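S.K.: Data file model.cif (mmCIF, C-alpha atoms) is appended below.
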data_coords
loop_
_atom_site.group_PDB
_atom_site.id
_atom_site.type_symbol
_atom_site.label_atom_id
_atom_site.label_comp_id
_atom_site.auth_asym_id
_atom_site.auth_seq_id
_atom_site.Cartn_x
_atom_site.Cartn_y
_atom_site.Cartn_z
ATOM 1 C CA MET A 17 -22.880 -13.847 9.777
ATOM 2 C CA SER A 18 -22.442 -15.904 12.906
ATOM 3 C CA SER A 19 -19.024 -17.428 13.436
ATOM 4 C CA PRO A 20 -17.979 -20.708 15.119
ATOM 5 C CA CYS A 21 -15.147 -18.838 16.877
ATOM 6 C CA ARG A 22 -14.333 -15.291 17.878
ATOM 7 C CA ASP A 23 -16.788 -12.531 17.022
ATOM 8 C CA ASN A 24 -19.454 -12.517 14.304
ATOM 9 C CA PHE A 25 -18.451 -11.590 10.755
ATOM 10 C CA ARG A 26 -19.387 -7.985 9.985
ATOM 11 C CA ILE A 27 -18.668 -5.642 7.092
ATOM 12 C CA THR A 28 -18.516 -1.992 8.138
ATOM 13 C CA GLY A 29 -19.375 0.918 5.837
ATOM 14 C CA TYR A 30 -19.208 4.688 6.312
ATOM 15 C CA ARG A 31 -21.874 6.896 4.711
ATOM 16 C CA PHE A 32 -21.475 10.582 3.867
ATOM 17 C CA GLY A 33 -23.966 13.058 2.435
ATOM 18 C CA GLU A 34 -27.530 12.166 1.529
ATOM 19 C CA GLY A 35 -29.611 11.640 -1.569
ATOM 20 C CA ALA A 36 -28.806 9.713 -4.755
ATOM 21 C CA LYS A 37 -26.393 6.768 -4.627
ATOM 22 C CA THR A 38 -23.499 8.663 -6.184
ATOM 23 C CA LEU A 39 -20.176 7.034 -5.289
ATOM 24 C CA ALA A 40 -19.098 3.839 -3.542
ATOM 25 C CA ILE A 41 -15.488 3.096 -2.613
ATOM 26 C CA VAL A 42 -14.422 -0.445 -1.686
ATOM 27 C CA GLY A 43 -11.118 -1.370 -0.077
ATOM 28 C CA ALA A 44 -9.664 -4.741 0.892
ATOM 29 C CA MET A 45 -11.410 -7.856 -0.419
ATOM 30 C CA ARG A 46 -8.386 -9.982 0.339
ATOM 31 C CA GLY A 47 -6.621 -10.470 3.628
ATOM 32 C CA ASP A 48 -3.257 -9.073 2.497
ATOM 33 C CA GLU A 49 -4.593 -5.819 0.995
ATOM 34 C CA VAL A 50 -3.217 -3.593 3.760
ATOM 35 C CA GLN A 51 -2.399 -0.671 1.462
ATOM 36 C CA GLN A 52 -5.944 -0.758 0.086
ATOM 37 C CA GLN A 53 -7.524 -0.706 3.540
ATOM 38 C CA TYR A 54 -5.154 2.050 4.678
ATOM 39 C CA ILE A 55 -6.162 4.256 1.732
ATOM 40 C CA CYS A 56 -9.868 3.725 2.414
ATOM 41 C CA ALA A 57 -9.316 4.657 6.061
ATOM 42 C CA GLN A 58 -7.630 7.881 4.940
ATOM 43 C CA VAL A 59 -10.522 8.623 2.579
ATOM 44 C CA VAL A 60 -12.990 8.129 5.464
ATOM 45 C CA ASN A 61 -10.936 10.529 7.563
ATOM 46 C CA ARG A 62 -10.830 13.169 4.816
ATOM 47 C CA LEU A 63 -14.528 12.839 3.941
ATOM 48 C CA ALA A 64 -15.520 13.255 7.588
ATOM 49 C CA ALA A 65 -13.738 16.619 7.633
ATOM 50 C CA ILE A 66 -15.193 17.623 4.242
ATOM 51 C CA GLU A 67 -18.718 16.764 5.389
ATOM 52 C CA GLN A 68 -18.272 18.670 8.644
ATOM 53 C CA ASN A 69 -17.351 21.757 6.601
ATOM 54 C CA GLY A 70 -20.348 21.361 4.275
ATOM 55 C CA GLY A 71 -18.213 20.261 1.332
ATOM 56 C CA ILE A 72 -20.371 17.405 -0.003
ATOM 57 C CA ALA A 73 -22.626 18.616 -2.807
ATOM 58 C CA LYS A 74 -26.346 18.528 -2.044
ATOM 59 C CA GLY A 75 -28.171 15.406 -3.207
ATOM 60 C CA ASN A 76 -25.087 13.145 -3.276
ATOM 61 C CA SER A 77 -24.390 10.184 -1.013
ATOM 62 C CA ILE A 78 -21.075 8.382 -0.647
ATOM 63 C CA LEU A 79 -20.390 4.941 0.829
ATOM 64 C CA VAL A 80 -16.896 3.761 1.827
ATOM 65 C CA ILE A 81 -16.240 0.118 2.814
ATOM 66 C CA PRO A 82 -12.621 -0.197 4.037
ATOM 67 C CA SER A 83 -12.644 -4.031 4.211
ATOM 68 C CA CYS A 84 -14.893 -6.834 2.946
ATOM 69 C CA ASN A 85 -12.735 -9.571 4.473
ATOM 70 C CA PRO A 86 -11.640 -8.761 8.051
ATOM 71 C CA PHE A 87 -11.479 -12.470 8.989
ATOM 72 C CA SER A 88 -8.705 -13.221 6.488
ATOM 73 C CA MET A 89 -6.809 -10.070 7.431
ATOM 74 C CA ASN A 90 -6.959 -11.077 11.104
ATOM 75 C CA VAL A 91 -5.202 -14.372 10.329
ATOM 76 C CA SER A 92 -2.896 -13.001 7.562
ATOM 77 C CA ARG A 93 -4.400 -15.057 4.745
ATOM 78 C CA ARG A 94 -4.936 -13.583 1.261
ATOM 79 C CA PHE A 95 -8.088 -15.594 0.565
ATOM 80 C CA TRP A 96 -10.993 -16.790 2.715
ATOM 81 C CA ALA A 97 -9.369 -18.606 5.606
ATOM 82 C CA MET A 98 -11.730 -21.617 5.686
ATOM 83 C CA ASP A 99 -11.538 -22.801 2.058
ATOM 84 C CA ASN A 100 -9.009 -20.493 0.334
ATOM 85 C CA THR A 101 -11.596 -19.043 -2.072
ATOM 86 C CA ASP A 102 -11.426 -15.484 -3.396
ATOM 87 C CA ILE A 103 -14.381 -13.203 -2.611
ATOM 88 C CA ASN A 104 -13.370 -10.950 -5.511
ATOM 89 C CA ARG A 105 -14.099 -13.806 -7.957
ATOM 90 C CA MET A 106 -17.553 -14.686 -6.589
ATOM 91 C CA PHE A 107 -19.670 -11.875 -8.058
ATOM 92 C CA PRO A 108 -22.488 -11.108 -8.466
ATOM 93 C CA GLY A 109 -22.768 -13.716 -5.704
ATOM 94 C CA TYR A 110 -25.359 -16.269 -4.630
ATOM 95 C CA ASP A 111 -27.169 -15.778 -1.325
ATOM 96 C CA GLU A 112 -27.748 -19.527 -0.828
ATOM 97 C CA GLY A 113 -24.286 -20.668 -1.953
ATOM 98 C CA GLU A 114 -20.910 -21.124 -0.299
ATOM 99 C CA THR A 115 -19.741 -18.623 2.302
ATOM 100 C CA THR A 116 -17.788 -16.375 -0.076
ATOM 101 C CA GLN A 117 -20.674 -16.442 -2.580
ATOM 102 C CA ARG A 118 -23.046 -15.262 0.160
ATOM 103 C CA ILE A 119 -20.631 -12.512 1.214
ATOM 104 C CA ALA A 120 -20.342 -11.379 -2.424
ATOM 105 C CA ALA A 121 -24.141 -11.378 -2.817
ATOM 106 C CA ALA A 122 -24.624 -9.268 0.339
ATOM 107 C CA VAL A 123 -21.909 -6.787 -0.682
ATOM 108 C CA PHE A 124 -23.216 -6.493 -4.236
ATOM 109 C CA ALA A 125 -26.794 -5.906 -3.070
ATOM 110 C CA VAL A 126 -25.591 -2.842 -1.140
ATOM 111 C CA LEU A 127 -23.248 -1.533 -3.852
ATOM 112 C CA ASN A 128 -25.544 -2.035 -6.827
ATOM 113 C CA GLY A 129 -27.093 1.163 -8.164
ATOM 114 C CA PHE A 130 -24.293 3.657 -7.483
ATOM 115 C CA GLU A 131 -23.424 5.982 -10.354
ATOM 116 C CA TYR A 132 -19.664 5.702 -9.765
ATOM 117 C CA GLY A 133 -17.641 2.944 -8.140
ATOM 118 C CA ILE A 134 -13.995 2.739 -7.079
ATOM 119 C CA GLN A 135 -12.304 -0.488 -6.017
ATOM 120 C CA LEU A 136 -8.862 -0.453 -4.396
ATOM 121 C CA ALA A 137 -7.562 -3.635 -6.010
ATOM 122 C CA SER A 138 -4.452 -5.826 -6.015
ATOM 123 C CA TYR A 139 -2.762 -7.895 -8.736
ATOM 124 C CA TYR A 140 -2.579 -11.691 -8.858
ATOM 125 C CA VAL A 141 1.227 -11.532 -9.168
ATOM 126 C CA PRO A 142 2.986 -10.064 -6.083
ATOM 127 C CA GLY A 143 4.699 -6.815 -6.947
ATOM 128 C CA ASP A 144 4.811 -3.021 -7.024
ATOM 129 C CA PHE A 145 3.060 -0.784 -9.558
ATOM 130 C CA ILE A 146 3.150 2.783 -10.707
ATOM 131 C CA PRO A 147 -0.159 3.908 -9.122
ATOM 132 C CA HIS A 148 -2.812 3.927 -11.848
ATOM 133 C CA VAL A 149 -6.464 3.491 -12.781
ATOM 134 C CA ARG A 150 -7.402 0.197 -14.451
ATOM 135 C CA ILE A 151 -10.589 -0.489 -16.421
ATOM 136 C CA ILE A 152 -11.934 -3.806 -17.690
ATOM 137 C CA LYS A 153 -13.213 -3.628 -21.273
ATOM 138 C CA THR A 154 -16.878 -4.583 -20.947
ATOM 139 C CA GLY A 155 -18.374 -2.265 -23.552
ATOM 140 C CA TYR A 156 -19.427 0.056 -20.716
ATOM 141 C CA GLU A 157 -15.989 1.369 -19.747
ATOM 142 C CA ASP A 158 -15.640 5.133 -19.210
ATOM 143 C CA VAL A 159 -12.081 6.221 -20.024
ATOM 144 C CA GLU A 160 -12.815 9.952 -19.921
ATOM 145 C CA THR A 161 -14.021 9.804 -16.319
ATOM 146 C CA ALA A 162 -10.976 7.652 -15.452
ATOM 147 C CA ARG A 163 -8.738 10.508 -16.630
ATOM 148 C CA LEU A 164 -10.385 12.817 -14.085
ATOM 149 C CA PHE A 165 -8.423 11.056 -11.313
ATOM 150 C CA GLY A 166 -5.300 12.729 -12.702
ATOM 151 C CA MET A 167 -3.107 9.653 -12.170
ATOM 152 C CA ARG A 168 -0.093 8.997 -14.374
ATOM 153 C CA TYR A 169 -1.685 6.072 -16.243
ATOM 154 C CA VAL A 170 -5.131 4.806 -17.163
ATOM 155 C CA THR A 171 -4.917 1.219 -18.419
ATOM 156 C CA THR A 172 -7.539 -0.915 -20.131
ATOM 157 C CA TYR A 173 -7.539 -4.662 -20.616
ATOM 158 C CA GLN A 174 -9.579 -7.327 -22.346
ATOM 159 C CA PRO A 175 -11.169 -9.674 -19.771
ATOM 160 C CA ARG A 176 -10.511 -13.403 -19.923
ATOM 161 C CA PRO A 177 -13.402 -15.852 -19.391
ATOM 162 C CA PHE A 178 -12.659 -16.287 -15.672
ATOM 163 C CA ASP A 179 -12.634 -12.507 -15.183
ATOM 164 C CA THR A 180 -16.412 -12.376 -15.648
ATOM 165 C CA THR A 181 -16.879 -13.201 -11.945
ATOM 166 C CA LEU A 182 -14.798 -10.231 -10.792
ATOM 167 C CA PHE A 183 -16.510 -7.582 -8.692
ATOM 168 C CA ASN A 184 -15.481 -4.723 -11.000
ATOM 169 C CA TYR A 185 -16.658 -6.536 -14.143
ATOM 170 C CA ASN A 186 -20.122 -7.156 -12.714
ATOM 171 C CA TRP A 187 -20.328 -3.643 -11.266
ATOM 172 C CA GLN A 188 -19.936 -2.271 -14.798
ATOM 173 C CA LEU A 189 -22.550 -4.657 -16.227
ATOM 174 C CA TRP A 190 -25.048 -3.393 -13.630
ATOM 175 C CA ASN A 191 -24.565 0.193 -14.924
ATOM 176 C CA THR A 192 -22.022 1.585 -12.444
ATOM 177 C CA LYS A 193 -19.080 3.510 -13.894
ATOM 178 C CA ALA A 194 -16.544 1.328 -12.098
ATOM 179 C CA PHE A 195 -12.782 1.822 -11.806
ATOM 180 C CA SER A 196 -10.016 -0.182 -10.154
ATOM 181 C CA ILE A 197 -7.115 1.698 -8.600
ATOM 182 C CA TYR A 198 -3.776 -0.025 -8.087
ATOM 183 C CA ALA A 199 -2.019 1.940 -5.366
ATOM 184 C CA GLY A 200 1.622 0.897 -5.637
ATOM 185 C CA LYS A 201 1.800 -1.928 -3.093
ATOM 186 C CA THR A 202 -0.438 -4.518 -1.451
ATOM 187 C CA SER A 203 0.789 -6.030 1.829
ATOM 188 C CA GLN A 204 2.829 -2.969 2.892
ATOM 189 C CA VAL A 205 1.792 0.630 3.475
ATOM 190 C CA ASP A 206 3.418 3.012 0.982
ATOM 191 C CA LEU A 207 2.789 6.517 2.337
ATOM 192 C CA THR A 208 3.754 8.338 -0.870
ATOM 193 C CA ALA A 209 1.601 6.177 -3.150
ATOM 194 C CA GLY A 210 -1.170 6.193 -0.555
ATOM 195 C CA THR A 211 -1.274 9.988 -0.387
ATOM 196 C CA GLU A 212 -1.186 10.206 -4.196
ATOM 197 C CA THR A 213 -4.132 7.808 -4.417
ATOM 198 C CA VAL A 214 -6.242 9.562 -1.776
ATOM 199 C CA ASP A 215 -5.633 12.877 -3.564
ATOM 200 C CA ALA A 216 -6.618 11.275 -6.889
ATOM 201 C CA ILE A 217 -9.904 9.954 -5.452
ATOM 202 C CA LEU A 218 -10.794 13.352 -3.989
ATOM 203 C CA ARG A 219 -9.765 15.038 -7.248
ATOM 204 C CA MET A 220 -12.170 12.828 -9.190
ATOM 205 C CA MET A 221 -14.916 13.638 -6.675
ATOM 206 C CA SER A 222 -14.255 17.356 -7.095
ATOM 207 C CA ARG A 223 -14.167 17.204 -10.903
ATOM 208 C CA THR A 224 -17.447 15.275 -11.066
ATOM 209 C CA GLY A 225 -19.196 17.644 -8.649
ATOM 210 C CA ILE A 226 -19.611 15.147 -5.804
ATOM 211 C CA VAL A 227 -17.727 17.414 -3.419
ATOM 212 C CA THR A 228 -17.400 21.176 -3.601
ATOM 213 C CA THR A 229 -13.836 21.418 -2.322
ATOM 214 C CA SER A 230 -11.099 22.585 -4.693
ATOM 215 C CA LEU A 231 -8.821 20.158 -6.579
ATOM 216 C CA VAL A 232 -6.334 18.279 -4.416
ATOM 217 C CA GLY A 233 -2.637 17.763 -5.179
ATOM 218 C CA ALA A 234 -0.726 17.883 -8.461
ATOM 219 C CA ALA A 235 -2.477 16.074 -11.322
ATOM 220 C CA TYR A 236 -1.032 14.250 -14.337
ATOM 221 C CA GLU A 237 -2.352 14.376 -17.872
ATOM 222 C CA SER A 238 -3.086 10.649 -17.827
ATOM 223 C CA ILE A 239 -1.523 8.346 -20.418
ATOM 224 C CA VAL A 240 -4.206 5.931 -21.664
ATOM 225 C CA LEU A 241 -2.634 2.562 -22.370
ATOM 226 C CA ASP A 242 -3.926 -0.873 -23.347
ATOM 227 C CA GLU A 243 -2.170 -3.436 -21.141
ATOM 228 C CA SER A 244 -1.457 -5.650 -24.144
ATOM 229 C CA ALA A 245 1.080 -3.001 -25.214
ATOM 230 C CA LEU A 246 3.189 -3.484 -22.063
ATOM 231 C CA GLN A 247 6.352 -5.523 -22.554
ATOM 232 C CA HIS A 248 6.550 -8.573 -20.247
ATOM 233 C CA VAL A 249 9.940 -9.613 -18.864
ATOM 234 C CA LYS A 250 10.020 -13.134 -17.390
ATOM 235 C CA ALA A 251 12.504 -15.213 -15.412
ATOM 236 C CA ARG A 252 14.536 -17.727 -17.405
ATOM 237 C CA HIS A 253 15.509 -19.602 -14.212
ATOM 238 C CA ALA A 254 14.091 -20.186 -10.752
ATOM 239 C CA GLY A 255 16.056 -18.793 -7.834
ATOM 240 C CA ILE A 256 16.542 -15.874 -5.454
ATOM 241 C CA LEU A 257 15.556 -12.558 -7.029
ATOM 242 C CA LEU A 258 17.774 -9.509 -6.478
ATOM 243 C CA ARG A 259 15.821 -6.607 -7.997
ATOM 244 C CA LEU A 260 17.925 -3.708 -9.254
ATOM 245 C CA VAL A 261 15.165 -1.318 -10.391
ATOM 246 C CA ASN A 262 11.828 -0.222 -8.997
ATOM 247 C CA ALA A 263 8.414 0.636 -10.406
ATOM 248 C CA GLY A 264 8.631 4.117 -11.931
ATOM 249 C CA ASN A 265 12.314 3.856 -12.930
ATOM 250 C CA ARG A 266 13.407 4.719 -16.477
ATOM 251 C CA VAL A 267 15.428 1.888 -18.065
ATOM 252 C CA HIS A 268 17.627 1.618 -21.140
ATOM 253 C CA PRO A 269 18.411 -1.223 -23.576
ATOM 254 C CA GLY A 270 20.914 -3.641 -22.061
ATOM 255 C CA GLN A 271 20.478 -2.308 -18.514
ATOM 256 C CA SER A 272 20.392 -4.982 -15.788
ATOM 257 C CA LEU A 273 16.964 -5.070 -14.155
ATOM 258 C CA ALA A 274 17.560 -7.974 -11.757
ATOM 259 C CA HIS A 275 19.804 -10.916 -10.990
ATOM 260 C CA ILE A 276 18.461 -14.387 -10.270
ATOM 261 C CA ILE A 277 20.850 -16.172 -7.933
ATOM 262 C CA HIS A 278 21.348 -19.910 -7.511
ATOM 263 C CA PRO A 279 19.965 -20.635 -4.013
ATOM 264 C CA TYR A 280 22.778 -23.068 -3.126
ATOM 265 C CA ASN A 281 26.003 -21.778 -4.694
ATOM 266 C CA GLY A 282 25.317 -18.047 -5.238
ATOM 267 C CA GLN A 283 26.062 -18.029 -8.973
ATOM 268 C CA VAL A 284 24.099 -15.633 -11.189
ATOM 269 C CA LEU A 285 21.747 -17.840 -13.200
ATOM 270 C CA ASN A 286 20.028 -14.999 -15.047
ATOM 271 C CA ASP A 287 21.119 -11.397 -15.574
ATOM 272 C CA VAL A 288 17.723 -9.945 -16.500
ATOM 273 C CA LYS A 289 18.211 -7.080 -18.956
ATOM 274 C CA ALA A 290 15.971 -4.454 -20.501
ATOM 275 C CA MET A 291 15.346 -4.947 -24.197
ATOM 276 C CA ASP A 292 14.130 -1.411 -24.978
ATOM 277 C CA GLU A 293 13.968 2.111 -23.613
ATOM 278 C CA GLY A 294 11.027 2.434 -21.257
ATOM 279 C CA MET A 295 9.448 2.884 -17.838
ATOM 280 C CA VAL A 296 9.098 0.104 -15.256
ATOM 281 C CA PHE A 297 5.323 -0.125 -14.831
ATOM 282 C CA PHE A 298 5.317 -3.248 -12.619
ATOM 283 C CA ALA A 299 8.084 -4.982 -10.663
ATOM 284 C CA HIS A 300 7.849 -8.383 -8.932
ATOM 285 C CA ASN A 301 8.671 -8.070 -5.223
ATOM 286 C CA ARG A 302 8.949 -11.583 -3.783
ATOM 287 C CA PRO A 303 12.492 -12.784 -2.998
ATOM 288 C CA VAL A 304 12.090 -16.245 -4.556
ATOM 289 C CA VAL A 305 10.817 -16.704 -8.129
ATOM 290 C CA LEU A 306 9.975 -19.657 -10.342
ATOM 291 C CA GLN A 307 11.034 -20.167 -13.942
ATOM 292 C CA ASN A 308 8.854 -18.122 -16.353
ATOM 293 C CA ALA A 309 7.515 -15.970 -13.507
ATOM 294 C CA LEU A 310 6.555 -12.447 -14.537
ATOM 295 C CA LEU A 311 9.263 -10.106 -13.230
ATOM 296 C CA PHE A 312 8.543 -6.764 -14.887
ATOM 297 C CA LYS A 313 6.077 -4.961 -17.111
ATOM 298 C CA ILE A 314 7.733 -2.214 -19.139
ATOM 299 C CA HIS A 315 6.011 0.674 -20.862
ATOM 300 C CA THR A 316 8.333 1.023 -23.850
ATOM 301 C CA ILE A 317 8.992 4.527 -25.146
#
Would you write out, as structure tokens, the structure that this file holds?

M.R.:
Amino acid sequence: MSSPCRDNFRITGYRFGEGAKTLAIVGAMRGDEVQQQYICAQVVNRLAAIEQNGGIAKGNSILVIPSCNPFSMNVSRRFWAMDNTDINRMFPGYDEGETTQRIAAAVFAVLNGFEYGIQLASYYVPGDFIPHVRIIKTGYEDVETARLFGMRYVTTYQPRPFDTTLFNYNWQLWNTKAFSIYAGKTSQVDLTAGTETVDAILRMMSRTGIVTTSLVGAAYESIVLDESALQHVKARHAGILLRLVNAGNRVHPGQSLAHIIHPYNGQVLNDVKAMDEGMVFFAHNRPVVLQNALLFKIHTI
């Protein structure tokens, strides 16, 4: 698209192999998804080497789009800089609509028809995750293929009415086996989680016969978990959050997970404690929180 300032708006994709539309991988749709774009860039780098060595199976084509929203990333805005709308909630798009609807329509036209789809996604609450595969329950979800990534968790969740405009939801409805991967962080690069995620993507490609290279990295026997089973821990007060545990930590009943500090006098307003034995699946990472904000998701054991 033409732009009133700076350069024109372009979305860049990298194609590997040739033949059937086998796998598409999509990175940042929001301007703060740095980890997601970084992982896609690493996948492009690895696939270039695999293709050069003849490692892509005959008859398979792969498309990788590192970023669908370079404008917002350039100006450090999570959503579309002009009107604060979210491209990820504009699908399947409308080619005569608002700007983000037209972007969604153009992206979806290219990505429709792939057998498999991977989206590097981020959560609506700022925080850190155990890297995992997430699937929306549409009636077309494919849990068994999700386990081929070899990540620690595969989670499923029931979509709410406003989730029906998500990219991943519509991708599934149009007959792509679509998966979202949450790669630990969003606005920061986490090298360990990034490497784990790249290895998981290549492992899935190897196990499904898309590439002929051997399995990559150490794999988990994935735990399949419905997100409704995760225990939510919320803030009882607003204030400054001092987090005492991280995503992936084991916690015990009565253990302090975080302190919420009064922003003026330094008193502890809320000593946030674990209620049960479990694993920290998600941990809020912003320094200031509001009352009733989601602080942690715990996989109880």

S.K.: Counting only C-alpha atoms, what is within 7 Å of range 25-33 of chain A, bar same-chain residues fewer than 4 positions away, as an MDAnalysis selection string?

M.R.: chainID A and resid 17:19 67 72 76:81 83:84

S.K.: Would you work out the distance separating CA of Thr171 in chain A from CA of Phe183 in chain A, expressed in Å to one decimal?

M.R.: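 CA of Phe183 in chain A lies 17.5 Å from CA of Thr171 in chain A.
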
S.K.: Could the residues of range 133-248 of chain A that have an atom at most 10 Å from range 48-59 of chain A be listed as JSON lines, each with its closest atom pair and the distance in Å to one decimal, counting only C-alpha atoms and ordered by chain and ascending residue number?

M.R.:
{"residue": "A:Gln135", "atom": "CA", "partner": "A:Gln52", "partner_atom": "CA", "distance": 8.8}
{"residue": "A:Leu136", "atom": "CA", "partner": "A:Gln52", "partner_atom": "CA", "distance": 5.4}
{"residue": "A:Ala137", "atom": "CA", "partner": "A:Gln52", "partner_atom": "CA", "distance": 6.9}
{"residue": "A:Ser138", "atom": "CA", "partner": "A:Glu49", "partner_atom": "CA", "distance": 7.0}
{"residue": "A:Ile197", "atom": "CA", "partner": "A:Gln52", "partner_atom": "CA", "distance": 9.1}
{"residue": "A:Tyr198", "atom": "CA", "partner": "A:Gln52", "partner_atom": "CA", "distance": 8.5}
{"residue": "A:Ala199", "atom": "CA", "partner": "A:Gln52", "partner_atom": "CA", "distance": 7.2}
{"residue": "A:Gly200", "atom": "CA", "partner": "A:Gln51", "partner_atom": "CA", "distance": 8.3}
{"residue": "A:Lys201", "atom": "CA", "partner": "A:Gln51", "partner_atom": "CA", "distance": 6.3}
{"residue": "A:Thr202", "atom": "CA", "partner": "A:Glu49", "partner_atom": "CA", "distance": 5.0}
{"residue": "A:Ser203", "atom": "CA", "partner": "A:Val50", "partner_atom": "CA", "distance": 5.1}
{"residue": "A:Gln204", "atom": "CA", "partner": "A:Gln51", "partner_atom": "CA", "distance": 5.9}
{"residue": "A:Val205", "atom": "CA", "partner": "A:Gln51", "partner_atom": "CA", "distance": 4.8}
{"residue": "A:Asp206", "atom": "CA", "partner": "A:Gln51", "partner_atom": "CA", "distance": 6.9}
{"residue": "A:Leu207", "atom": "CA", "partner": "A:Gln51", "partner_atom": "CA", "distance": 8.9}
{"residue": "A:Ala209", "atom": "CA", "partner": "A:Gln51", "partner_atom": "CA", "distance": 9.2}
{"residue": "A:Gly210", "atom": "CA", "partner": "A:Ile55", "partner_atom": "CA", "distance": 5.8}
{"residue": "A:Thr211", "atom": "CA", "partner": "A:Ile55", "partner_atom": "CA", "distance": 7.8}
{"residue": "A:Glu212", "atom": "CA", "partner": "A:Ile55", "partner_atom": "CA", "distance": 9.8}
{"residue": "A:Thr213", "atom": "CA", "partner": "A:Ile55", "partner_atom": "CA", "distance": 7.4}
{"residue": "A:Val214", "atom": "CA", "partner": "A:Val59", "partner_atom": "CA", "distance": 6.2}
{"residue": "A:Asp215", "atom": "CA", "partner": "A:Val59", "partner_atom": "CA", "distance": 8.9}
{"residue": "A:Ile217", "atom": "CA", "partner": "A:Val59", "partner_atom": "CA", "distance": 8.2}
{"residue": "A:Leu218", "atom": "CA", "partner": "A:Val59", "partner_atom": "CA", "distance": 8.1}

S.K.: Find the residues near Ala309 in chain A: any atom within 6 Å, counting only C-alpha atoms, skip ones fewer than 3 places away on the same chain, and give them as a list in words.

M.R.: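 My list of contacting residues is Lys250, Ala251 and Leu306 of chain A.
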
S.K.: Using the chain letters and residue numbers of this document, give as a PyMOL selection string the residues selected by the PyMOL selection byres ((chain A and resi 103-113) around 7).

M.R.: chain A and resi 45+101-102+114-118+120-121+124+181-183+186

S.K.: In Å to one decimal, how far is CA of Val284 in chain A from CA of Ile317 in chain A?

M.R.: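 Separating CA of Ile317 in chain A from CA of Val284 in chain A is a distance of 28.8 Å.
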
S.K.: So how many Å separate CA of Leu246 in chain A and CA of Asp292 in chain A, to one decimal?

M.R.: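 Taking CA of Leu246 in chain A and CA of Asp292 in chain A, their separation equals 11.5 Å.
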
S.K.: Excluding Leu260 in chain A and its own-chain neighbours fewer than 4 positions away, which residues fall within 9 Å of it when counting only C-alpha atoms? Please give them as number ranges by chain.

M.R.: A: 272-275

S.K.: When you look at Ala216 in chain A with a cut-off of 8 Å (counting only C-alpha atoms), what residues show up, excluding the ones that are within fewer than 5 positions of it in the same chain? I need them as a PyMOL selection string.

M.R.: chain A and resi 165-167+232-233+235

S.K.: Which residues come within 10 Å of Thr229 in chain A, counting only C-alpha atoms, excluding same-chain residues fewer than 4 positions away, as a ChimeraX atom specification?

M.R.: /A:66,69-73,218-219,221-223,225

S.K.: Written as a list of chain:residue names, what is the full residue list that the PyMOL selection byres ((chain A and resi 237-245) around 10) yields on the file shown?

M.R.: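 That selection, the PyMOL selection byres ((chain A and resi 237-245) around 10), comes back as A:His148, A:Val149, A:Arg150, A:Ile151, A:Lys153, A:Val159, A:Glu160, A:Ala162, A:Arg163, A:Leu164, A:Phe165, A:Gly166, A:Met167, A:Arg168, A:Tyr169, A:Val170, A:Thr171, A:Thr172, A:Tyr173, A:Gln174, A:Ala235, A:Tyr236, A:Leu246, A:Gln247, A:His248, A:Lys313, A:Ile314, A:His315, A:Thr316.
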
S.K.: Can you translate the PyMOL selection byres ((chain A and resi 293) around 8) into the concrete residues it hits in this file, as a VMD selection string?

M.R.: chain A and resid 266 to 269 290 to 292 294 to 295 316 to 317

S.K.: Ranking A:Val249, A:Ile146, A:Leu285, A:Met89 by minimum distance to Ala44 in chain A and counting all atoms listed in the file, which one comes first?

M.R.: A:Met89

S.K.: Around (23.9, -16.6, -7.8) in the file's own coordinates, what residues are found within 12 Å if you use all atoms listed in the file, given back as a list of chain:residue names?

M.R.: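 Nearby residues: A:His253, A:Ala254, A:Gly255, A:Ile256, A:Leu257, A:Leu258, A:Ala274, A:His275, A:Ile276, A:Ile277, A:His278, A:Pro279, A:Tyr280, A:Asn281, A:Gly282, A:Gln283, A:Val284, A:Leu285, A:Asn286, A:Asp287.
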
S.K.: Export C-alpha atoms of the chosen residues as a PDB file, in the coordinates of the input?

M.R.:
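Listed below is the output, again.pdb:
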ATOM      1  CA  HIS A 253      15.509 -19.602 -14.212  1.00  0.00           C
ATOM      2  CA  ALA A 254      14.091 -20.186 -10.752  1.00  0.00           C
ATOM      3  CA  GLY A 255      16.056 -18.793  -7.834  1.00  0.00           C
ATOM      4  CA  ILE A 256      16.542 -15.874  -5.454  1.00  0.00           C
ATOM      5  CA  LEU A 257      15.556 -12.558  -7.029  1.00  0.00           C
ATOM      6  CA  LEU A 258      17.774  -9.509  -6.478  1.00  0.00           C
ATOM      7  CA  ALA A 274      17.560  -7.974 -11.757  1.00  0.00           C
ATOM      8  CA  HIS A 275      19.804 -10.916 -10.990  1.00  0.00           C
ATOM      9  CA  ILE A 276      18.461 -14.387 -10.270  1.00  0.00           C
ATOM     10  CA  ILE A 277      20.850 -16.172  -7.933  1.00  0.00           C
ATOM     11  CA  HIS A 278      21.348 -19.910  -7.511  1.00  0.00           C
ATOM     12  CA  PRO A 279      19.965 -20.635  -4.013  1.00  0.00           C
ATOM     13  CA  TYR A 280      22.778 -23.068  -3.126  1.00  0.00           C
ATOM     14  CA  ASN A 281      26.003 -21.778  -4.694  1.00  0.00           C
ATOM     15  CA  GLY A 282      25.317 -18.047  -5.238  1.00  0.00           C
ATOM     16  CA  GLN A 283      26.062 -18.029  -8.973  1.00  0.00           C
ATOM     17  CA  VAL A 284      24.099 -15.633 -11.189  1.00  0.00           C
ATOM     18  CA  LEU A 285      21.747 -17.840 -13.200  1.00  0.00           C
ATOM     19  CA  ASN A 286      20.028 -14.999 -15.047  1.00  0.00           C
ATOM     20  CA  ASP A 287      21.119 -11.397 -15.574  1.00  0.00           C
TER      21      ASP A 287
END

S.K.: Could you tell me which of A:Leu127, A:Thr180, A:Asn90, A:Ala65 comes closest to Lys37 in chain A if we count only C-alpha atoms?

M.R.: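 Result for the nearest residue to Lys37 in chain A: A:Leu127.
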